[in-house]
Amino acid sequence: MENDDVDMLGADNNEAVCNELDDMKKRLKEMEDEAAALREMQAKVEKEMGSAQDPATAAASQTNREEVDARSIFVGNVDYSCTPEEVQQHFQSCGTVNRVTIRTDKFGQPKGYAYVEFVEVEAVQEALLLNESELHGRQLKVTAKRTNVPGMKQYRPRRSNPYMGSRGRTPYAAPFAYAPYGFGKVPRFRMAMRYSPYY
C-alpha cells in the first residue's frame, strides 16, 4: 500500500517536472524568436542609416540645401515680440514667401534673427533692398543666407589685446622699484617666534 503511494507521488512529481520543462522550453523559444526579430530590425535600421550616410545621398542633400539657401535671406535685429506672420508680411512685396523661421534658444526665447525662404530666386535681390527698413521700430539687417558646410567653422583670427602693447603674450612683470621691501632694502631674517602659553 505504501509502495503504491510512493509510486504515485513519484509519477506526479515526474509529470510536474516534465510540464515545467515544457514551459521553460516554450519560453526559451519565444525569447529566441524575439531576439531574432530584434536583430532583423536592428539590421534594417543600420541599413537605412548607412544609406543616409551614402556619399551620393549626402551630395544630393547638399545641392538641395544650396538651392534652398539661394532662395533665402538672413534677417538680423528682429524684435523679440515679432511673429513669423509679421516678418512674412514685411517681405511679401518682394515675392512669395515659402517659409519664415525665427530662431529660438533652448528655453524657447527668440534669438533676435530670422530666415525667410522665398519661392523664387529673384525675390532675394528684392528683399536685399529692404536692408535697414524698420519693423517694430527696429532697423533690420538683411543679407543673403550663406550655405553652412558641415564640419567647417568660420575662421576668426585671434586679435591681440590692446592693453598688452606690442609684447605679445608674455605676462606682465612689476618693475624692481615695487619690490616688497622697498628699493635697495635687504630683508632681515629672524627666527620665528615659538608659541609659549606660560611666558
# chains A, B, ... in the order shown; residues from 1 in each chain; ligands from 1
>>> residues_around(residues="stretch 94-105 of chain A", least_positions_apart="3", cutoff="9 Å", atoms="only C-alpha atoms", output="ChimeraX atom specification")
/A:78,82-85,87-91,108-120,122-127,130
>>> write_last_selection(atoms="N, CA and C atoms", output="PDB file, in the first residue's frame")
ATOM      1  N   VAL A  78      15.879  91.386 -35.396  1.00  0.00           N
ATOM      2  CA  VAL A  78      14.423  91.227 -35.362  1.00  0.00           C
ATOM      3  C   VAL A  78      13.952  91.412 -33.917  1.00  0.00           C
ATOM      4  N   CYS A  82       8.276  89.969 -32.278  1.00  0.00           N
ATOM      5  CA  CYS A  82       7.839  89.833 -33.665  1.00  0.00           C
ATOM      6  C   CYS A  82       7.398  88.391 -33.949  1.00  0.00           C
ATOM      7  N   THR A  83       6.316  88.220 -34.689  1.00  0.00           N
ATOM      8  CA  THR A  83       5.837  86.880 -35.056  1.00  0.00           C
ATOM      9  C   THR A  83       6.257  86.567 -36.495  1.00  0.00           C
ATOM     10  N   PRO A  84       6.301  85.273 -36.851  1.00  0.00           N
ATOM     11  CA  PRO A  84       6.636  84.912 -38.243  1.00  0.00           C
ATOM     12  C   PRO A  84       5.678  85.531 -39.263  1.00  0.00           C
ATOM     13  N   GLU A  85       4.417  85.680 -38.876  1.00  0.00           N
ATOM     14  CA  GLU A  85       3.433  86.276 -39.805  1.00  0.00           C
ATOM     15  C   GLU A  85       3.786  87.728 -40.121  1.00  0.00           C
ATOM     16  N   VAL A  87       6.827  89.083 -40.014  1.00  0.00           N
ATOM     17  CA  VAL A  87       8.017  89.076 -40.878  1.00  0.00           C
ATOM     18  C   VAL A  87       7.606  88.739 -42.307  1.00  0.00           C
ATOM     19  N   GLN A  88       6.685  87.773 -42.440  1.00  0.00           N
ATOM     20  CA  GLN A  88       6.212  87.384 -43.776  1.00  0.00           C
ATOM     21  C   GLN A  88       5.524  88.564 -44.462  1.00  0.00           C
ATOM     22  N   GLN A  89       4.684  89.309 -43.743  1.00  0.00           N
ATOM     23  CA  GLN A  89       4.006  90.468 -44.335  1.00  0.00           C
ATOM     24  C   GLN A  89       4.999  91.546 -44.736  1.00  0.00           C
ATOM     25  N   HIS A  90       6.086  91.695 -43.943  1.00  0.00           N
ATOM     26  CA  HIS A  90       7.086  92.720 -44.240  1.00  0.00           C
ATOM     27  C   HIS A  90       7.787  92.434 -45.573  1.00  0.00           C
ATOM     28  N   PHE A  91       8.040  91.141 -45.861  1.00  0.00           N
ATOM     29  CA  PHE A  91       8.767  90.770 -47.085  1.00  0.00           C
ATOM     30  C   PHE A  91       7.840  90.274 -48.189  1.00  0.00           C
ATOM     31  N   GLY A 108      13.095  78.504 -25.625  1.00  0.00           N
ATOM     32  CA  GLY A 108      12.016  78.957 -26.492  1.00  0.00           C
ATOM     33  C   GLY A 108      11.967  80.458 -26.666  1.00  0.00           C
ATOM     34  N   GLN A 109      12.984  81.178 -26.157  1.00  0.00           N
ATOM     35  CA  GLN A 109      13.017  82.638 -26.313  1.00  0.00           C
ATOM     36  C   GLN A 109      13.653  82.988 -27.664  1.00  0.00           C
ATOM     37  N   PRO A 110      13.109  83.958 -28.401  1.00  0.00           N
ATOM     38  CA  PRO A 110      13.687  84.323 -29.711  1.00  0.00           C
ATOM     39  C   PRO A 110      15.107  84.859 -29.558  1.00  0.00           C
ATOM     40  N   LYS A 111      15.969  84.530 -30.535  1.00  0.00           N
ATOM     41  CA  LYS A 111      17.364  84.988 -30.508  1.00  0.00           C
ATOM     42  C   LYS A 111      17.543  86.348 -31.175  1.00  0.00           C
ATOM     43  N   GLY A 112      16.537  86.825 -31.880  1.00  0.00           N
ATOM     44  CA  GLY A 112      16.640  88.150 -32.481  1.00  0.00           C
ATOM     45  C   GLY A 112      17.020  88.124 -33.947  1.00  0.00           C
ATOM     46  N   TYR A 113      16.939  86.944 -34.575  1.00  0.00           N
ATOM     47  CA  TYR A 113      17.158  86.900 -36.025  1.00  0.00           C
ATOM     48  C   TYR A 113      16.265  85.832 -36.638  1.00  0.00           C
ATOM     49  N   ALA A 114      16.090  85.933 -37.965  1.00  0.00           N
ATOM     50  CA  ALA A 114      15.172  85.024 -38.653  1.00  0.00           C
ATOM     51  C   ALA A 114      15.711  84.699 -40.035  1.00  0.00           C
ATOM     52  N   TYR A 115      15.175  83.631 -40.629  1.00  0.00           N
ATOM     53  CA  TYR A 115      15.472  83.252 -42.012  1.00  0.00           C
ATOM     54  C   TYR A 115      14.160  83.269 -42.787  1.00  0.00           C
ATOM     55  N   VAL A 116      14.190  83.873 -43.969  1.00  0.00           N
ATOM     56  CA  VAL A 116      13.000  83.925 -44.826  1.00  0.00           C
ATOM     57  C   VAL A 116      13.338  83.210 -46.127  1.00  0.00           C
ATOM     58  N   GLU A 117      12.533  82.185 -46.454  1.00  0.00           N
ATOM     59  CA  GLU A 117      12.748  81.426 -47.688  1.00  0.00           C
ATOM     60  C   GLU A 117      11.660  81.810 -48.685  1.00  0.00           C
ATOM     61  N   PHE A 118      12.089  82.188 -49.899  1.00  0.00           N
ATOM     62  CA  PHE A 118      11.152  82.575 -50.957  1.00  0.00           C
ATOM     63  C   PHE A 118      10.958  81.423 -51.935  1.00  0.00           C
ATOM     64  N   VAL A 119       9.925  81.533 -52.757  1.00  0.00           N
ATOM     65  CA  VAL A 119       9.691  80.529 -53.799  1.00  0.00           C
ATOM     66  C   VAL A 119      10.606  80.808 -54.997  1.00  0.00           C
ATOM     67  N   GLU A 120      10.796  82.101 -55.324  1.00  0.00           N
ATOM     68  CA  GLU A 120      11.628  82.465 -56.481  1.00  0.00           C
ATOM     69  C   GLU A 120      12.988  82.976 -56.011  1.00  0.00           C
ATOM     70  N   GLU A 122      14.695  85.287 -57.607  1.00  0.00           N
ATOM     71  CA  GLU A 122      14.754  86.723 -57.868  1.00  0.00           C
ATOM     72  C   GLU A 122      14.276  87.548 -56.667  1.00  0.00           C
ATOM     73  N   ALA A 123      13.456  86.942 -55.814  1.00  0.00           N
ATOM     74  CA  ALA A 123      12.905  87.663 -54.661  1.00  0.00           C
ATOM     75  C   ALA A 123      13.992  88.047 -53.664  1.00  0.00           C
ATOM     76  N   VAL A 124      15.112  87.302 -53.678  1.00  0.00           N
ATOM     77  CA  VAL A 124      16.205  87.598 -52.734  1.00  0.00           C
ATOM     78  C   VAL A 124      16.776  88.982 -53.023  1.00  0.00           C
ATOM     79  N   GLN A 125      16.993  89.315 -54.309  1.00  0.00           N
ATOM     80  CA  GLN A 125      17.539  90.626 -54.669  1.00  0.00           C
ATOM     81  C   GLN A 125      16.573  91.743 -54.269  1.00  0.00           C
ATOM     82  N   GLU A 126      15.268  91.493 -54.409  1.00  0.00           N
ATOM     83  CA  GLU A 126      14.268  92.480 -53.987  1.00  0.00           C
ATOM     84  C   GLU A 126      14.303  92.662 -52.467  1.00  0.00           C
ATOM     85  N   ALA A 127      14.477  91.548 -51.747  1.00  0.00           N
ATOM     86  CA  ALA A 127      14.480  91.606 -50.277  1.00  0.00           C
ATOM     87  C   ALA A 127      15.713  92.330 -49.754  1.00  0.00           C
ATOM     88  N   LEU A 130      15.415  95.889 -48.893  1.00  0.00           N
ATOM     89  CA  LEU A 130      14.751  96.246 -47.632  1.00  0.00           C
ATOM     90  C   LEU A 130      15.725  96.261 -46.452  1.00  0.00           C
TER      91      LEU A 130
END
>>> closest_residue(among="A:Ala36, A:Ala59, A:Leu128, A:Val75", to="A:Lys141", atoms="only C-alpha atoms")
A:Val75
>>> atom_distance(atom1="atom CA of A:Ser72", atom2="atom CA of A:Ala144")
6.5 Å
>>> residues_around(residues="A:Glu67", least_positions_apart="2", cutoff="12 Å", atoms="only C-alpha atoms", output="list of chain:residue names")
A:Ala60, A:Ser61, A:Gln62, A:Thr63, A:Asn64, A:Arg65, A:Asp69, A:Ala70, A:Arg71, A:Ser72, A:Glu117, A:Phe118, A:Val119, A:Glu120, A:Val121, A:Lys145, A:Arg146, A:Thr147
>>> write_last_selection(atoms="N, CA and C atoms", output="PDB file, in the first residue's frame")
ATOM      1  N   ALA A  60      23.496  64.900 -52.865  1.00  0.00           N
ATOM      2  CA  ALA A  60      22.190  65.363 -53.331  1.00  0.00           C
ATOM      3  C   ALA A  60      21.551  66.292 -52.306  1.00  0.00           C
ATOM      4  N   SER A  61      21.661  65.911 -51.010  1.00  0.00           N
ATOM      5  CA  SER A  61      21.062  66.767 -49.978  1.00  0.00           C
ATOM      6  C   SER A  61      21.819  68.089 -49.877  1.00  0.00           C
ATOM      7  N   GLN A  62      23.142  68.068 -50.105  1.00  0.00           N
ATOM      8  CA  GLN A  62      23.932  69.301 -50.065  1.00  0.00           C
ATOM      9  C   GLN A  62      23.526  70.239 -51.205  1.00  0.00           C
ATOM     10  N   THR A  63      23.333  69.703 -52.411  1.00  0.00           N
ATOM     11  CA  THR A  63      22.914  70.551 -53.536  1.00  0.00           C
ATOM     12  C   THR A  63      21.503  71.086 -53.305  1.00  0.00           C
ATOM     13  N   ASN A  64      20.642  70.254 -52.708  1.00  0.00           N
ATOM     14  CA  ASN A  64      19.283  70.706 -52.390  1.00  0.00           C
ATOM     15  C   ASN A  64      19.338  71.841 -51.371  1.00  0.00           C
ATOM     16  N   ARG A  65      20.203  71.705 -50.358  1.00  0.00           N
ATOM     17  CA  ARG A  65      20.349  72.747 -49.332  1.00  0.00           C
ATOM     18  C   ARG A  65      20.872  74.036 -49.964  1.00  0.00           C
ATOM     19  N   ASP A  69      19.073  77.621 -49.955  1.00  0.00           N
ATOM     20  CA  ASP A  69      19.776  78.788 -49.413  1.00  0.00           C
ATOM     21  C   ASP A  69      19.868  79.912 -50.435  1.00  0.00           C
ATOM     22  N   ALA A  70      19.907  79.565 -51.729  1.00  0.00           N
ATOM     23  CA  ALA A  70      19.960  80.597 -52.773  1.00  0.00           C
ATOM     24  C   ALA A  70      18.656  81.386 -52.830  1.00  0.00           C
ATOM     25  N   ARG A  71      17.568  80.786 -52.316  1.00  0.00           N
ATOM     26  CA  ARG A  71      16.263  81.460 -52.305  1.00  0.00           C
ATOM     27  C   ARG A  71      15.949  82.060 -50.934  1.00  0.00           C
ATOM     28  N   SER A  72      16.933  82.065 -50.001  1.00  0.00           N
ATOM     29  CA  SER A  72      16.665  82.504 -48.628  1.00  0.00           C
ATOM     30  C   SER A  72      17.492  83.720 -48.258  1.00  0.00           C
ATOM     31  N   GLU A 117      12.533  82.185 -46.454  1.00  0.00           N
ATOM     32  CA  GLU A 117      12.748  81.426 -47.688  1.00  0.00           C
ATOM     33  C   GLU A 117      11.660  81.810 -48.685  1.00  0.00           C
ATOM     34  N   PHE A 118      12.089  82.188 -49.899  1.00  0.00           N
ATOM     35  CA  PHE A 118      11.152  82.575 -50.957  1.00  0.00           C
ATOM     36  C   PHE A 118      10.958  81.423 -51.935  1.00  0.00           C
ATOM     37  N   VAL A 119       9.925  81.533 -52.757  1.00  0.00           N
ATOM     38  CA  VAL A 119       9.691  80.529 -53.799  1.00  0.00           C
ATOM     39  C   VAL A 119      10.606  80.808 -54.997  1.00  0.00           C
ATOM     40  N   GLU A 120      10.796  82.101 -55.324  1.00  0.00           N
ATOM     41  CA  GLU A 120      11.628  82.465 -56.481  1.00  0.00           C
ATOM     42  C   GLU A 120      12.988  82.976 -56.011  1.00  0.00           C
ATOM     43  N   VAL A 121      14.022  82.730 -56.816  1.00  0.00           N
ATOM     44  CA  VAL A 121      15.372  83.202 -56.506  1.00  0.00           C
ATOM     45  C   VAL A 121      15.453  84.718 -56.656  1.00  0.00           C
ATOM     46  N   LYS A 145      21.404  84.542 -47.400  1.00  0.00           N
ATOM     47  CA  LYS A 145      21.783  83.450 -46.495  1.00  0.00           C
ATOM     48  C   LYS A 145      22.948  82.692 -47.098  1.00  0.00           C
ATOM     49  N   ARG A 146      23.966  82.415 -46.252  1.00  0.00           N
ATOM     50  CA  ARG A 146      25.102  81.620 -46.730  1.00  0.00           C
ATOM     51  C   ARG A 146      24.857  80.158 -46.402  1.00  0.00           C
ATOM     52  N   THR A 147      25.420  79.279 -47.206  1.00  0.00           N
ATOM     53  CA  THR A 147      25.243  77.845 -47.001  1.00  0.00           C
ATOM     54  C   THR A 147      26.268  77.352 -46.000  1.00  0.00           C
TER      55      THR A 147
END
>>> atom_distance(atom1="atom CA of A:Arg27", atom2="atom CA of A:Lys44")
25.8 Å
>>> atom_distance(atom1="atom CA of A:Leu140", atom2="atom CA of A:Gln92")
15.2 Å
>>> closest_residue(among="A:Arg39, A:Ile73, A:Asp79, A:Glu86", to="A:Gly137", atoms="only C-alpha atoms")
A:Asp79
>>> closest_residue(among="A:Phe74, A:Phe107, A:Asn19, A:Tyr80", to="A:Val142", atoms="only C-alpha atoms")
A:Phe74
